[in-house]
file work_2.txt (compact mmCIF, C-alpha atoms)
# COMPACT_ATOMS: atom_id res chain seq x y z
CA MET A 1 -78.61 -22.67 15.01
CA SER A 2 -75.45 -22.43 12.88
CA LEU A 3 -73.20 -25.26 11.92
CA GLN A 4 -69.45 -24.65 11.88
CA THR A 5 -67.08 -26.62 9.72
CA SER A 6 -63.73 -27.61 11.17
CA PRO A 7 -60.53 -27.25 9.13
CA ASP A 8 -60.29 -31.04 8.88
CA GLN A 9 -63.80 -31.30 7.41
CA ALA A 10 -63.13 -28.40 5.03
CA VAL A 11 -59.99 -30.02 3.64
CA ALA A 12 -61.76 -33.38 3.35
CA ARG A 13 -64.78 -31.89 1.57
CA HIS A 14 -62.92 -29.64 -0.86
CA GLY A 15 -59.67 -31.59 -1.05
CA TRP A 16 -60.15 -32.90 -4.57
CA VAL A 17 -60.95 -29.48 -5.99
CA GLN A 18 -57.96 -27.92 -4.23
CA ALA A 19 -55.73 -30.79 -5.39
CA LEU A 20 -56.88 -30.25 -8.98
CA VAL A 21 -56.21 -26.51 -8.73
CA THR A 22 -52.75 -27.12 -7.21
CA VAL A 23 -51.69 -29.58 -9.91
CA LEU A 24 -53.07 -27.56 -12.81
CA ALA A 25 -51.49 -24.36 -11.51
CA GLY A 26 -48.11 -26.06 -11.22
CA LEU A 27 -48.22 -27.67 -14.66
CA ILE A 28 -49.53 -24.54 -16.39
CA ALA A 29 -46.81 -22.43 -14.80
CA MET A 30 -44.13 -24.89 -15.95
CA LEU A 31 -45.60 -25.11 -19.45
CA VAL A 32 -45.65 -21.33 -19.80
CA VAL A 33 -42.04 -20.94 -18.60
CA ALA A 34 -40.86 -23.80 -20.84
CA ALA A 35 -42.75 -22.45 -23.86
CA LEU A 36 -41.38 -18.93 -23.47
CA GLY A 37 -37.85 -20.23 -22.94
CA LEU A 38 -37.98 -22.53 -25.95
CA TRP A 39 -39.50 -19.77 -28.06
CA ALA A 40 -36.64 -17.46 -27.09
CA ALA A 41 -34.22 -20.26 -28.00
CA GLY A 42 -35.76 -20.55 -31.48
CA ALA A 43 -37.64 -23.83 -31.01
CA ALA A 44 -40.86 -22.30 -32.34
CA ASP A 45 -39.47 -22.78 -35.87
CA LEU A 46 -39.26 -26.58 -35.54
CA PRO A 47 -40.95 -28.41 -38.47
CA ASP A 48 -44.11 -30.52 -38.41
CA GLY A 49 -45.70 -28.51 -35.60
CA ALA A 50 -43.34 -30.04 -33.06
CA PHE A 51 -43.14 -27.05 -30.73
CA PRO A 52 -45.97 -28.09 -28.34
CA ARG A 53 -44.54 -31.60 -28.07
CA VAL A 54 -41.07 -30.26 -27.33
CA VAL A 55 -42.59 -28.07 -24.60
CA ALA A 56 -44.31 -31.12 -23.11
CA ALA A 57 -41.05 -33.09 -23.22
CA THR A 58 -39.24 -30.24 -21.47
CA VAL A 59 -41.75 -30.26 -18.61
CA VAL A 60 -41.53 -34.06 -18.39
CA VAL A 61 -37.77 -33.86 -17.97
CA ALA A 62 -38.11 -30.99 -15.48
CA VAL A 63 -40.11 -33.15 -13.07
CA GLY A 64 -37.73 -36.10 -13.24
CA GLY A 65 -39.24 -37.91 -16.21
CA SER A 66 -37.36 -39.67 -18.97
CA VAL A 67 -37.32 -38.81 -22.68
CA GLU A 68 -35.78 -41.36 -25.02
CA PHE A 69 -34.22 -40.58 -28.39
CA ALA A 70 -34.53 -42.97 -31.32
CA GLY A 71 -33.79 -43.02 -35.02
CA ASP A 72 -34.81 -44.90 -38.15
CA ALA A 73 -32.16 -44.54 -40.80
CA GLY A 74 -32.39 -47.86 -42.65
CA ALA A 75 -30.30 -51.01 -42.54
CA ILE A 76 -26.97 -49.40 -43.45
CA ALA A 77 -27.28 -46.30 -41.32
CA GLU A 78 -27.00 -45.74 -37.60
CA THR A 79 -28.19 -42.99 -35.31
CA ARG A 80 -27.20 -42.40 -31.71
CA ALA A 81 -28.47 -39.75 -29.37
CA GLY A 82 -28.85 -39.16 -25.67
CA LEU A 83 -29.60 -36.25 -23.39
CA THR A 84 -29.41 -35.97 -19.62
CA VAL A 85 -30.04 -32.45 -18.39
CA ILE A 86 -32.73 -30.89 -16.21
CA PRO A 87 -34.10 -27.43 -17.11
CA LEU A 88 -33.98 -26.20 -13.53
CA SER A 89 -35.77 -22.92 -14.25
CA VAL A 90 -38.86 -24.93 -15.19
CA THR A 91 -38.33 -27.25 -12.23
CA LEU A 92 -37.99 -24.38 -9.76
CA THR A 93 -41.20 -22.81 -11.06
CA GLY A 94 -43.11 -26.03 -10.50
CA VAL A 95 -41.64 -26.51 -7.03
CA LEU A 96 -42.70 -23.05 -5.87
CA VAL A 97 -46.23 -23.22 -7.30
CA VAL A 98 -47.03 -26.78 -6.17
CA ALA A 99 -45.58 -26.18 -2.70
CA ALA A 100 -47.65 -23.02 -2.29
CA GLY A 101 -50.82 -24.85 -3.35
CA PHE A 102 -50.07 -27.72 -0.98
CA LEU A 103 -49.53 -25.42 2.03
CA ARG A 104 -52.39 -23.00 1.41
CA PRO A 105 -55.21 -25.04 3.03
CA LEU A 106 -52.96 -25.70 6.05
CA ARG A 107 -51.75 -22.15 6.63
CA HIS A 108 -53.98 -21.49 9.69
CA ARG A 109 -53.11 -24.71 11.46
CA ALA A 110 -50.65 -25.27 14.29
CA VAL A 111 -50.73 -29.08 14.35
CA ALA A 112 -52.00 -31.60 11.80
CA GLY A 113 -52.33 -35.33 12.10
CA ALA A 114 -50.19 -37.63 9.98
CA SER A 115 -53.27 -39.24 8.42
CA GLU A 116 -54.65 -35.84 7.43
CA LEU A 117 -51.40 -34.76 5.77
CA ALA A 118 -51.12 -38.12 4.02
CA GLY A 119 -54.69 -37.87 2.73
CA TRP A 120 -54.16 -34.34 1.43
CA ALA A 121 -50.89 -35.33 -0.25
CA GLY A 122 -52.53 -38.47 -1.67
CA ARG A 123 -55.24 -36.46 -3.43
CA ILE A 124 -52.60 -34.26 -5.03
CA ALA A 125 -50.61 -37.35 -6.05
CA VAL A 126 -53.59 -38.98 -7.80
CA VAL A 127 -54.38 -35.87 -9.82
CA TRP A 128 -50.67 -35.35 -10.51
CA LEU A 129 -50.20 -38.84 -11.93
CA LEU A 130 -53.21 -38.49 -14.23
CA ALA A 131 -52.05 -35.13 -15.54
CA LEU A 132 -48.45 -36.29 -15.92
CA ALA A 133 -49.54 -39.38 -17.85
CA GLY A 134 -51.36 -37.21 -20.38
CA LEU A 135 -48.38 -34.91 -20.67
CA ALA A 136 -45.97 -37.82 -21.19
CA LEU A 137 -48.15 -39.38 -23.87
CA SER A 138 -48.09 -36.11 -25.84
CA ALA A 139 -44.30 -35.73 -25.57
CA ARG A 140 -43.27 -37.56 -28.75
CA GLN A 141 -42.15 -36.43 -32.20
CA THR A 142 -40.01 -37.53 -35.16
CA PHE A 143 -37.98 -35.40 -37.58
CA ALA A 144 -36.47 -36.09 -40.98
CA VAL A 145 -32.71 -35.47 -41.30
CA SER A 146 -31.53 -34.34 -44.73
CA LEU A 147 -28.37 -35.92 -46.11
CA GLY A 148 -27.77 -32.91 -48.30
CA GLU A 149 -26.61 -33.19 -51.88
CA GLY A 150 -23.82 -35.15 -53.46
CA THR A 151 -22.40 -38.64 -52.90
CA LEU A 152 -24.03 -39.28 -49.53
CA SER A 153 -27.45 -38.40 -50.92
CA ASP A 154 -26.91 -40.67 -53.94
CA VAL A 155 -25.83 -43.56 -51.69
CA GLY A 156 -28.84 -42.98 -49.47
CA ASP A 157 -31.19 -43.10 -52.46
CA LEU A 158 -29.54 -46.30 -53.64
CA PHE A 159 -30.08 -48.09 -50.34
CA GLY A 160 -33.43 -46.52 -49.47
CA THR A 161 -32.20 -44.29 -46.68
CA SER A 162 -32.64 -40.93 -48.32
CA SER A 163 -34.65 -39.59 -45.37
CA PRO A 164 -33.30 -40.81 -42.03
CA ARG A 165 -35.61 -39.97 -39.16
CA VAL A 166 -34.77 -39.19 -35.58
CA GLY A 167 -37.13 -38.35 -32.77
CA PHE A 168 -37.97 -38.54 -29.11
CA ARG A 169 -40.69 -39.90 -26.88
CA ALA A 170 -41.31 -39.90 -23.16
CA ASP A 171 -40.96 -43.18 -21.27
CA VAL A 172 -44.37 -43.15 -19.56
CA PRO A 173 -43.77 -45.71 -16.74
CA VAL A 174 -40.41 -44.20 -15.80
CA THR A 175 -41.85 -40.69 -16.00
CA LEU A 176 -44.72 -41.59 -13.68
CA ALA A 177 -42.40 -43.27 -11.16
CA PHE A 178 -39.85 -40.46 -10.99
CA GLY A 179 -42.54 -37.81 -11.30
CA LEU A 180 -44.18 -39.22 -8.19
CA LEU A 181 -40.85 -39.15 -6.36
CA TRP A 182 -40.40 -35.53 -7.48
CA LEU A 183 -43.81 -34.60 -6.09
CA ALA A 184 -43.11 -36.37 -2.80
CA GLY A 185 -39.84 -34.46 -2.48
CA VAL A 186 -41.60 -31.15 -3.13
CA LEU A 187 -44.27 -31.80 -0.50
CA VAL A 188 -41.77 -32.95 2.12
CA LEU A 189 -39.54 -29.96 1.40
CA ALA A 190 -42.53 -27.63 1.75
CA LEU A 191 -43.27 -29.01 5.21
CA LEU A 192 -39.62 -28.73 6.22
CA VAL A 193 -39.09 -25.18 5.01
CA SER A 194 -42.32 -23.37 5.81
CA PRO A 195 -42.32 -22.03 9.38
CA ARG A 196 -46.13 -22.00 9.44
CA ALA A 197 -46.78 -25.46 8.06
CA PRO A 198 -48.37 -27.80 10.62
CA LEU A 199 -46.65 -31.00 11.63
CA PRO A 200 -47.82 -34.12 13.47
CA PRO A 201 -47.26 -33.79 17.24
CA ARG A 202 -44.51 -36.43 17.21
CA LEU A 203 -42.41 -34.42 14.76
CA LEU A 204 -42.63 -31.04 16.50
CA ARG A 205 -39.39 -31.63 18.39
CA PHE A 206 -37.42 -31.83 15.13
CA GLN A 207 -38.51 -28.49 13.73
CA GLU A 208 -36.20 -26.52 16.03
CA SER A 209 -33.10 -28.01 14.39
CA VAL A 210 -34.36 -28.87 10.89
CA ARG A 211 -36.60 -26.02 9.81
CA PRO A 212 -34.22 -23.07 10.35
CA ALA A 213 -31.45 -24.84 8.42
CA ALA A 214 -33.75 -25.95 5.58
CA TYR A 215 -35.23 -22.47 5.32
CA ALA A 216 -31.77 -20.88 5.20
CA MET A 217 -30.63 -23.21 2.40
CA VAL A 218 -33.69 -22.48 0.27
CA VAL A 219 -33.18 -18.74 0.77
CA LEU A 220 -29.50 -19.18 -0.17
CA LEU A 221 -30.32 -20.94 -3.45
CA LEU A 222 -33.04 -18.44 -4.32
CA ALA A 223 -30.62 -15.58 -3.55
CA PHE A 224 -28.18 -16.96 -6.12
CA VAL A 225 -31.01 -17.23 -8.66
CA ALA A 226 -32.09 -13.63 -7.99
CA LEU A 227 -28.50 -12.46 -8.31
CA GLY A 228 -28.19 -14.36 -11.57
CA VAL A 229 -31.33 -12.71 -12.95
CA VAL A 230 -29.93 -9.27 -12.15
CA VAL A 231 -26.59 -10.06 -13.80
CA ALA A 232 -28.29 -11.55 -16.86
CA LEU A 233 -30.53 -8.52 -17.32
CA VAL A 234 -27.56 -6.16 -17.00
CA VAL A 235 -25.65 -8.16 -19.60
CA ALA A 236 -28.68 -8.18 -21.92
CA VAL A 237 -29.02 -4.40 -21.67
CA THR A 238 -25.33 -3.57 -22.04
CA ARG A 239 -24.22 -6.22 -24.54
CA GLY A 240 -27.39 -7.18 -26.39
CA HIS A 241 -28.49 -10.75 -27.14
CA ALA A 242 -31.71 -10.17 -25.21
CA ARG A 243 -33.50 -13.17 -26.71
CA GLU A 244 -30.69 -15.60 -25.91
CA THR A 245 -30.46 -14.21 -22.38
CA LEU A 246 -34.20 -14.70 -21.91
CA ALA A 247 -33.86 -18.31 -23.02
CA VAL A 248 -31.15 -18.92 -20.43
CA ILE A 249 -33.20 -17.28 -17.67
CA LEU A 250 -36.35 -19.27 -18.45
CA LEU A 251 -34.68 -22.63 -19.06
CA GLY A 252 -31.37 -23.01 -17.28
CA LEU A 253 -30.50 -20.09 -15.02
CA PRO A 254 -30.36 -22.23 -11.83
CA ASN A 255 -28.16 -24.70 -13.72
CA LEU A 256 -25.71 -21.88 -14.28
CA VAL A 257 -25.81 -19.96 -11.00
CA TRP A 258 -25.77 -23.06 -8.79
CA LEU A 259 -22.82 -24.39 -10.80
CA VAL A 260 -21.04 -21.09 -10.17
CA PHE A 261 -22.00 -21.35 -6.48
CA THR A 262 -20.22 -24.71 -6.15
CA ILE A 263 -17.20 -23.46 -8.09
CA GLY A 264 -17.00 -20.56 -5.64
CA LEU A 265 -16.77 -23.12 -2.84
CA GLY A 266 -13.74 -24.64 -4.57
CA VAL A 267 -15.52 -27.60 -6.18
CA THR A 268 -13.97 -29.01 -9.34
CA TRP A 269 -16.08 -30.08 -12.31
CA GLU A 270 -14.85 -32.11 -15.26
CA GLY A 271 -16.32 -31.91 -18.71
CA ARG A 272 -15.98 -31.44 -22.43
CA VAL A 273 -17.81 -29.62 -25.19
CA GLU A 274 -17.44 -30.89 -28.75
CA GLY A 275 -19.41 -30.07 -31.89
CA PRO A 276 -22.40 -27.72 -32.10
CA PHE A 277 -23.45 -28.25 -28.51
CA GLY A 278 -23.12 -25.37 -26.09
CA LEU A 279 -23.77 -24.66 -22.45
CA PRO A 280 -26.07 -21.91 -21.14
CA MET A 281 -23.18 -20.12 -19.53
CA PRO A 282 -20.76 -17.24 -20.11
CA LYS A 283 -18.20 -17.61 -22.85
CA VAL A 284 -15.36 -18.04 -20.37
CA LEU A 285 -16.84 -21.32 -19.08
CA ASP A 286 -17.49 -22.62 -22.60
CA THR A 287 -13.93 -21.74 -23.61
CA VAL A 288 -12.45 -23.76 -20.74
CA LEU A 289 -14.54 -26.81 -21.63
CA ARG A 290 -14.11 -26.68 -25.43
CA THR A 291 -10.77 -28.51 -25.62
CA PRO A 292 -9.71 -31.76 -27.34
CA ASP A 293 -9.22 -33.56 -24.04
CA LEU A 294 -11.03 -33.73 -20.72
CA SER A 295 -11.21 -30.26 -19.16
CA THR A 296 -11.20 -29.16 -15.54
CA LEU A 297 -13.57 -26.41 -14.48
CA ASP A 298 -12.57 -24.70 -11.24
CA LEU A 299 -11.43 -21.34 -9.89
CA ARG A 300 -7.89 -21.79 -11.18
CA THR A 301 -8.77 -22.63 -14.78
CA LEU A 302 -11.45 -19.94 -14.92
CA SER A 303 -9.10 -17.30 -13.48
CA GLU A 304 -6.71 -17.96 -16.37
CA GLN A 305 -9.44 -16.63 -18.65
CA ASP A 306 -10.78 -13.88 -16.36
CA GLY A 307 -9.16 -12.85 -13.07
CA ARG A 308 -12.44 -11.48 -11.71
CA VAL A 309 -13.53 -15.08 -11.05
CA TRP A 310 -11.81 -14.90 -7.65
CA TRP A 311 -14.60 -12.57 -6.50
CA LEU A 312 -16.77 -15.67 -6.33
CA LEU A 313 -15.05 -16.50 -3.05
CA VAL A 314 -16.18 -13.17 -1.59
CA VAL A 315 -19.75 -13.54 -2.89
CA ASN A 316 -20.01 -17.06 -1.49
CA ALA A 317 -18.61 -16.04 1.88
CA VAL A 318 -21.05 -13.13 2.24
CA LEU A 319 -24.12 -15.14 1.20
CA LEU A 320 -23.18 -18.16 3.30
CA VAL A 321 -22.61 -16.06 6.42
CA GLY A 322 -25.93 -14.36 5.72
CA ALA A 323 -27.65 -17.76 5.45
CA ALA A 324 -26.01 -18.91 8.68
CA PHE A 325 -27.11 -15.69 10.40
CA LEU A 326 -30.67 -16.27 9.18
CA MET A 327 -30.60 -19.85 10.43
CA ALA A 328 -29.27 -18.86 13.85
CA SER A 329 -31.73 -15.99 14.27
CA ARG A 330 -34.65 -18.36 13.61
CA SER A 331 -33.37 -21.00 16.03
CA PRO A 332 -34.03 -21.14 19.78
CA GLY A 333 -31.73 -18.92 21.82
CA ARG A 334 -30.48 -21.81 23.96
CA MET A 335 -28.54 -23.33 21.05
CA ARG A 336 -24.79 -22.85 21.18
CA ALA A 337 -22.54 -21.65 18.40
CA TRP A 338 -21.04 -25.08 17.73
CA GLN A 339 -24.53 -26.53 17.31
CA HIS A 340 -25.36 -23.90 14.71
CA ALA A 341 -22.10 -24.72 12.95
CA VAL A 342 -22.95 -28.43 12.82
CA HIS A 343 -26.48 -27.73 11.54
CA MET A 344 -25.11 -25.39 8.89
CA ALA A 345 -22.48 -27.93 7.79
CA VAL A 346 -24.99 -30.76 7.43
CA ALA A 347 -27.49 -28.55 5.60
CA LEU A 348 -24.83 -27.21 3.22
CA MET A 349 -23.54 -30.70 2.47
CA LEU A 350 -27.04 -31.85 1.53
CA THR A 351 -27.54 -28.72 -0.57
CA VAL A 352 -24.27 -29.17 -2.47
CA LEU A 353 -25.05 -32.86 -2.98
CA THR A 354 -28.41 -31.92 -4.51
CA VAL A 355 -26.85 -29.29 -6.76
CA CYS A 356 -24.17 -31.70 -7.96
CA LEU A 357 -26.72 -34.41 -8.77
CA LEU A 358 -29.10 -32.03 -10.54
CA GLY A 359 -26.37 -30.11 -12.35
CA ARG A 360 -24.85 -33.05 -14.22
CA ILE A 361 -25.08 -32.77 -18.01
CA ASP A 362 -24.58 -35.49 -20.60
CA ALA A 363 -25.54 -35.06 -24.25
CA HIS A 364 -24.41 -36.73 -27.47
CA TYR A 365 -25.70 -37.09 -31.02
CA GLY A 366 -24.40 -38.68 -34.19
CA LEU A 367 -25.60 -40.04 -37.53
CA SER A 368 -23.47 -42.30 -39.74
CA LEU A 369 -24.02 -43.91 -43.16
CA LEU A 370 -21.81 -46.79 -44.35
CA GLY A 371 -19.49 -46.00 -41.46
CA ILE A 372 -19.16 -42.36 -42.47
CA GLY A 373 -19.92 -40.25 -39.42
CA ASP A 374 -21.47 -36.80 -39.10
CA VAL A 375 -23.58 -36.94 -42.24
CA GLY A 376 -26.05 -34.52 -40.70
CA GLY A 377 -23.99 -31.50 -41.62
CA GLY A 378 -22.04 -30.78 -38.44
CA LEU A 379 -24.63 -32.05 -35.98
CA SER A 380 -22.48 -34.74 -34.38
CA GLY A 381 -21.12 -33.79 -31.02
CA GLU A 382 -20.74 -34.52 -27.35
CA LEU A 383 -21.19 -32.54 -24.15
CA PHE A 384 -20.81 -33.64 -20.56
CA LEU A 385 -20.20 -32.00 -17.19
CA ARG A 386 -19.66 -33.92 -13.96
CA PRO A 387 -18.61 -32.81 -10.45
CA GLY A 388 -15.95 -34.19 -8.14
CA LEU A 389 -18.59 -35.28 -5.64
CA TRP A 390 -16.60 -36.37 -2.58
CA ALA A 391 -14.34 -33.33 -2.65
CA ALA A 392 -17.44 -31.14 -3.02
CA LEU A 393 -19.00 -32.63 0.12
CA GLY A 394 -15.77 -32.12 2.06
CA LEU A 395 -15.56 -28.48 1.03
CA ALA A 396 -19.23 -27.96 1.92
CA LEU A 397 -18.57 -29.41 5.37
CA LEU A 398 -15.66 -27.02 5.94
CA TRP A 399 -17.52 -23.96 4.64
CA GLY A 400 -20.58 -24.89 6.69
CA LEU A 401 -18.67 -25.19 9.95
CA VAL A 402 -16.86 -21.87 9.51
CA THR A 403 -19.78 -19.81 8.25
CA GLY A 404 -22.21 -21.46 10.65
CA PHE A 405 -20.06 -20.47 13.62
CA ALA A 406 -19.63 -16.93 12.28
CA GLY A 407 -23.36 -16.54 11.66
CA ALA A 408 -24.13 -17.77 15.18
CA LEU A 409 -21.80 -15.17 16.69
CA LEU A 410 -23.43 -12.40 14.67
CA ALA A 411 -26.90 -13.51 15.76
CA SER A 412 -25.99 -14.08 19.42
CA ARG A 413 -27.24 -10.65 20.50
CA MET A 414 -30.45 -10.78 18.53
CA ARG A 415 -33.84 -11.89 19.73
CA HIS A 416 -34.41 -15.52 18.77
CA HIS A 417 -37.61 -17.36 18.14
CA GLY A 418 -39.04 -18.84 21.28
CA GLU A 419 -39.19 -22.49 22.14
CA VAL A 420 -41.73 -24.58 20.33
CA GLU A 421 -44.54 -25.36 22.69
CA LYS A 422 -45.88 -28.88 22.54
CA PRO A 423 -49.65 -29.12 22.35
CA LYS A 424 -51.36 -30.07 25.57
CA ALA A 425 -53.11 -33.39 25.72
call {"tool": "encode", "arguments": {"input": "work_2.txt", "output": "structure tokens"}}
result
Amino acid sequence: MSLQTSPDQAVARHGWVQALVTVLAGLIAMLVVAALGLWAAGAADLPDGAFPRVVAATVVVAVGGSVEFAGDAGAIAETRAGLTVIPLSVTLTGVLVVAAGFLRPLRHRAVAGASELAGWAGRIAVVWLLALAGLALSARQTFAVSLGEGTLSDVGDLFGTSSPRVGFRADVPVTLAFGLLWLAGVLVLALLVSPRAPLPPRLLRFQESVRPAAYAMVVLLLAFVALGVVVALVVAVTRGHARETLAVILLGLPNLVWLVFTIGLGVTWEGRVEGPFGLPMPKVLDTVLRTPDLSTLDLRTLSEQDGRVWWLLVVNAVLLVGAAFLMASRSPGRMRAWQHAVHMAVALMLTVLTVCLLGRIDAHYGLSLLGIGDVGGGLSGELFLRPGLWAALGLALLWGLVTGFAGALLASRMRHHGEVEKPKA
């Protein structure tokens, strides 16, 4: 007599081991990508063995955590620093690995109960919080800032501030809270996007309208990333700077290509680059932003530097129609063209909203002694980049309606996925 184990019992029995493997695989993948990117950017030469801690801080920020900057420069000195930017290459790596690990035990299922999915996600969340807490505790470091030689150094020696120190440390409670929200978003997105992921019976009716659109948007964003990798590699081969290009690919390529994607839709970004800070982007974008006053980043200002920027409209149109075609071909055949257009518009608005929120950049640093600023030898500076959010959502709505209708017409003669059959009682 043989005993057979049901999928529910298998997940329950081995759930903790699978959760541990999923979390470790995601964190290791992010740590490797962050380490290689920071090494290519030259961070391996940081003093006091700070490289591993900087890698940990990068992963903390990539999953929504918070890293605070602080300084100790004595009673007569003042330091100020802040950084708000997400290394989306590291984030994207973690999303793909964790989502794959979450879906793997469920891949042969058609329907799963809500309690089962919640239990499986809860195991991953417990292991995730423990691992993230250890990572956040290790993400801290301080550095000494030299005042150089001359009057400033003499004044610093006189007042006991000859070695100002600046550093960073992860805010553990905030990191755990936002890291948990990040994980929840990844797991929900995995269920929405994967066509083979099981859902509770009550939610099956929503997959006909939600899943094709969510899948198309993920494919669209990944297509821009793949296109960006190809362009970056071509530039590295033809123009050199291979190490800098590798750093951009491994740390901030989605930041760049998704910014370009929104600009191709007509979205306007405002920003400024001052001091030694720079953006992981082509020189034409940095030139537009490096002005004394607030700069506008859009198709018009970029075309003044390089007329080929207008080709972004063509690239966006082709990829958006392709995404709409993919969405319509995966939807039931009974849906009409206007319904596809509405689904595409809503999905594109949510996608652009996400890109605008994740793509914001704000960085500043300064050190002053006796009111004299920038004593760190040219380190003081400011960088910020913010989108015109409401106009971006309006443009996404318009693009979504047009391309969604066009994609539906192209897919009208193709074989569509059949209706979703509800499980019998």
call {"tool": "closest_residue", "arguments": {"input": "work_2.txt", "among": "A:Ala197, A:Leu233, A:Ala184, A:Val248", "to": "Val33 in chain A", "atoms": "all atoms listed in the file"}}
result
A:Val248
call {"tool": "closest_residue", "arguments": {"input": "work_2.txt", "among": "A:Leu31, A:Val288, A:Leu199, A:Val355", "to": "Ala114 in chain A", "atoms": "all atoms listed in the file"}}
result
A:Leu199
call {"tool": "atom_distance", "arguments": {"input": "work_2.txt", "atom1": "CA of Thr93 in chain A", "atom2": "CA of Leu183 in chain A"}}
result
13.1 Å
call {"tool": "residues_around", "arguments": {"input": "work_2.txt", "residues": "Thr296 in chain A", "least_positions_apart": "2", "cutoff": "9 Å", "atoms": "only C-alpha atoms", "output": "count of residues only"}}
result
10
call {"tool": "residues_around", "arguments": {"input": "work_2.txt", "residues": "Ala247 in chain A", "least_positions_apart": "6", "cutoff": "12 Å", "atoms": "only C-alpha atoms", "output": "compact mmCIF listing (two decimals) with C-alpha atoms, keeping the file's coordinate frame"}}
result
# COMPACT_ATOMS: atom_id res chain seq x y z
CA VAL A 33 -42.04 -20.94 -18.60
CA ALA A 34 -40.86 -23.80 -20.84
CA ALA A 35 -42.75 -22.45 -23.86
CA LEU A 36 -41.38 -18.93 -23.47
CA GLY A 37 -37.85 -20.23 -22.94
CA LEU A 38 -37.98 -22.53 -25.95
CA TRP A 39 -39.50 -19.77 -28.06
CA ALA A 40 -36.64 -17.46 -27.09
CA ALA A 41 -34.22 -20.26 -28.00
CA GLY A 42 -35.76 -20.55 -31.48
CA ALA A 43 -37.64 -23.83 -31.01
CA PRO A 87 -34.10 -27.43 -17.11
CA SER A 89 -35.77 -22.92 -14.25
CA VAL A 90 -38.86 -24.93 -15.19
CA VAL A 229 -31.33 -12.71 -12.95
CA ALA A 232 -28.29 -11.55 -16.86
CA LEU A 233 -30.53 -8.52 -17.32
CA ALA A 236 -28.68 -8.18 -21.92
CA HIS A 241 -28.49 -10.75 -27.14
CA LEU A 253 -30.50 -20.09 -15.02
CA LEU A 279 -23.77 -24.66 -22.45
CA PRO A 280 -26.07 -21.91 -21.14
CA MET A 281 -23.18 -20.12 -19.53
call {"tool": "atom_distance", "arguments": {"input": "work_2.txt", "atom1": "CA of Leu398 in chain A", "atom2": "CA of Ala317 in chain A"}}
result
12.1 Å
call {"tool": "atom_distance", "arguments": {"input": "work_2.txt", "atom1": "CA of Val225 in chain A", "atom2": "CA of Val174 in chain A"}}
result
29.4 Å
call {"tool": "closest_residue", "arguments": {"input": "work_2.txt", "among": "A:Val237, A:Val63, A:Ala223, A:Leu83", "to": "Gly179 in chain A", "atoms": "all atoms listed in the file"}}
result
A:Val63
call {"tool": "closest_residue", "arguments": {"input": "work_2.txt", "among": "A:Asp286, A:Glu304, A:Gln141, A:Leu117", "to": "Leu46 in chain A", "atoms": "all atoms listed in the file"}}
result
A:Gln141
call {"tool": "closest_residue", "arguments": {"input": "work_2.txt", "among": "A:Gly101, A:Pro254, A:Gly394, A:Pro212", "to": "Leu227 in chain A", "atoms": "all atoms listed in the file"}}
result
A:Pro254
call {"tool": "residues_around", "arguments": {"input": "work_2.txt", "residues": "Phe261 in chain A", "least_positions_apart": "4", "cutoff": "8 Å", "atoms": "only C-alpha atoms", "output": "PyMOL selection string"}}
result
chain A and resi 224+257+265+312+316
call {"tool": "residues_around", "arguments": {"input": "work_2.txt", "residues": "Gly49 in chain A", "least_positions_apart": "5", "cutoff": "12 Å", "atoms": "all atoms listed in the file", "output": "PyMOL selection string"}}
result
chain A and resi 43-44+54-55+140-143
call {"tool": "write_last_selection", "arguments": {"input": "work_2.txt", "atoms": "C-alpha atoms", "output": "PDB file, keeping the file's coordinate frame"}}
result
ATOM      1  CA  ALA A  43     -37.640 -23.830 -31.010  1.00  0.00           C
ATOM      2  CA  ALA A  44     -40.860 -22.300 -32.340  1.00  0.00           C
ATOM      3  CA  VAL A  54     -41.070 -30.260 -27.330  1.00  0.00           C
ATOM      4  CA  VAL A  55     -42.590 -28.070 -24.600  1.00  0.00           C
ATOM      5  CA  ARG A 140     -43.270 -37.560 -28.750  1.00  0.00           C
ATOM      6  CA  GLN A 141     -42.150 -36.430 -32.200  1.00  0.00           C
ATOM      7  CA  THR A 142     -40.010 -37.530 -35.160  1.00  0.00           C
ATOM      8  CA  PHE A 143     -37.980 -35.400 -37.580  1.00  0.00           C
TER       9      PHE A 143
END
call {"tool": "closest_residue", "arguments": {"input": "work_2.txt", "among": "A:Val402, A:Leu410, A:Leu357, A:Ala242", "to": "Leu389 in chain A", "atoms": "only C-alpha atoms"}}
result
A:Leu357
call {"tool": "residues_near_point", "arguments": {"input": "work_2.txt", "point": "(-26.9, -22.0, 18.7)", "cutoff": "12 Å", "atoms": "all atoms listed in the file", "output": "NGL selection string"}}
result
:A and (208-209 or 212-213 or 324-344 or 404-414 or 416-417)
call {"tool": "residues_near_point", "arguments": {"input": "work_2.txt", "point": "(-40.2, -25.6, 6.2)", "cutoff": "9 Å", "atoms": "only C-alpha atoms", "output": "list in words"}}
result
Val188, Leu189, Ala190, Leu191, Leu192, Val193, Ser194, Pro195, Arg196, Ala197, Gln207, Val210, Arg211, Pro212, Ala214 and Tyr215 of chain A
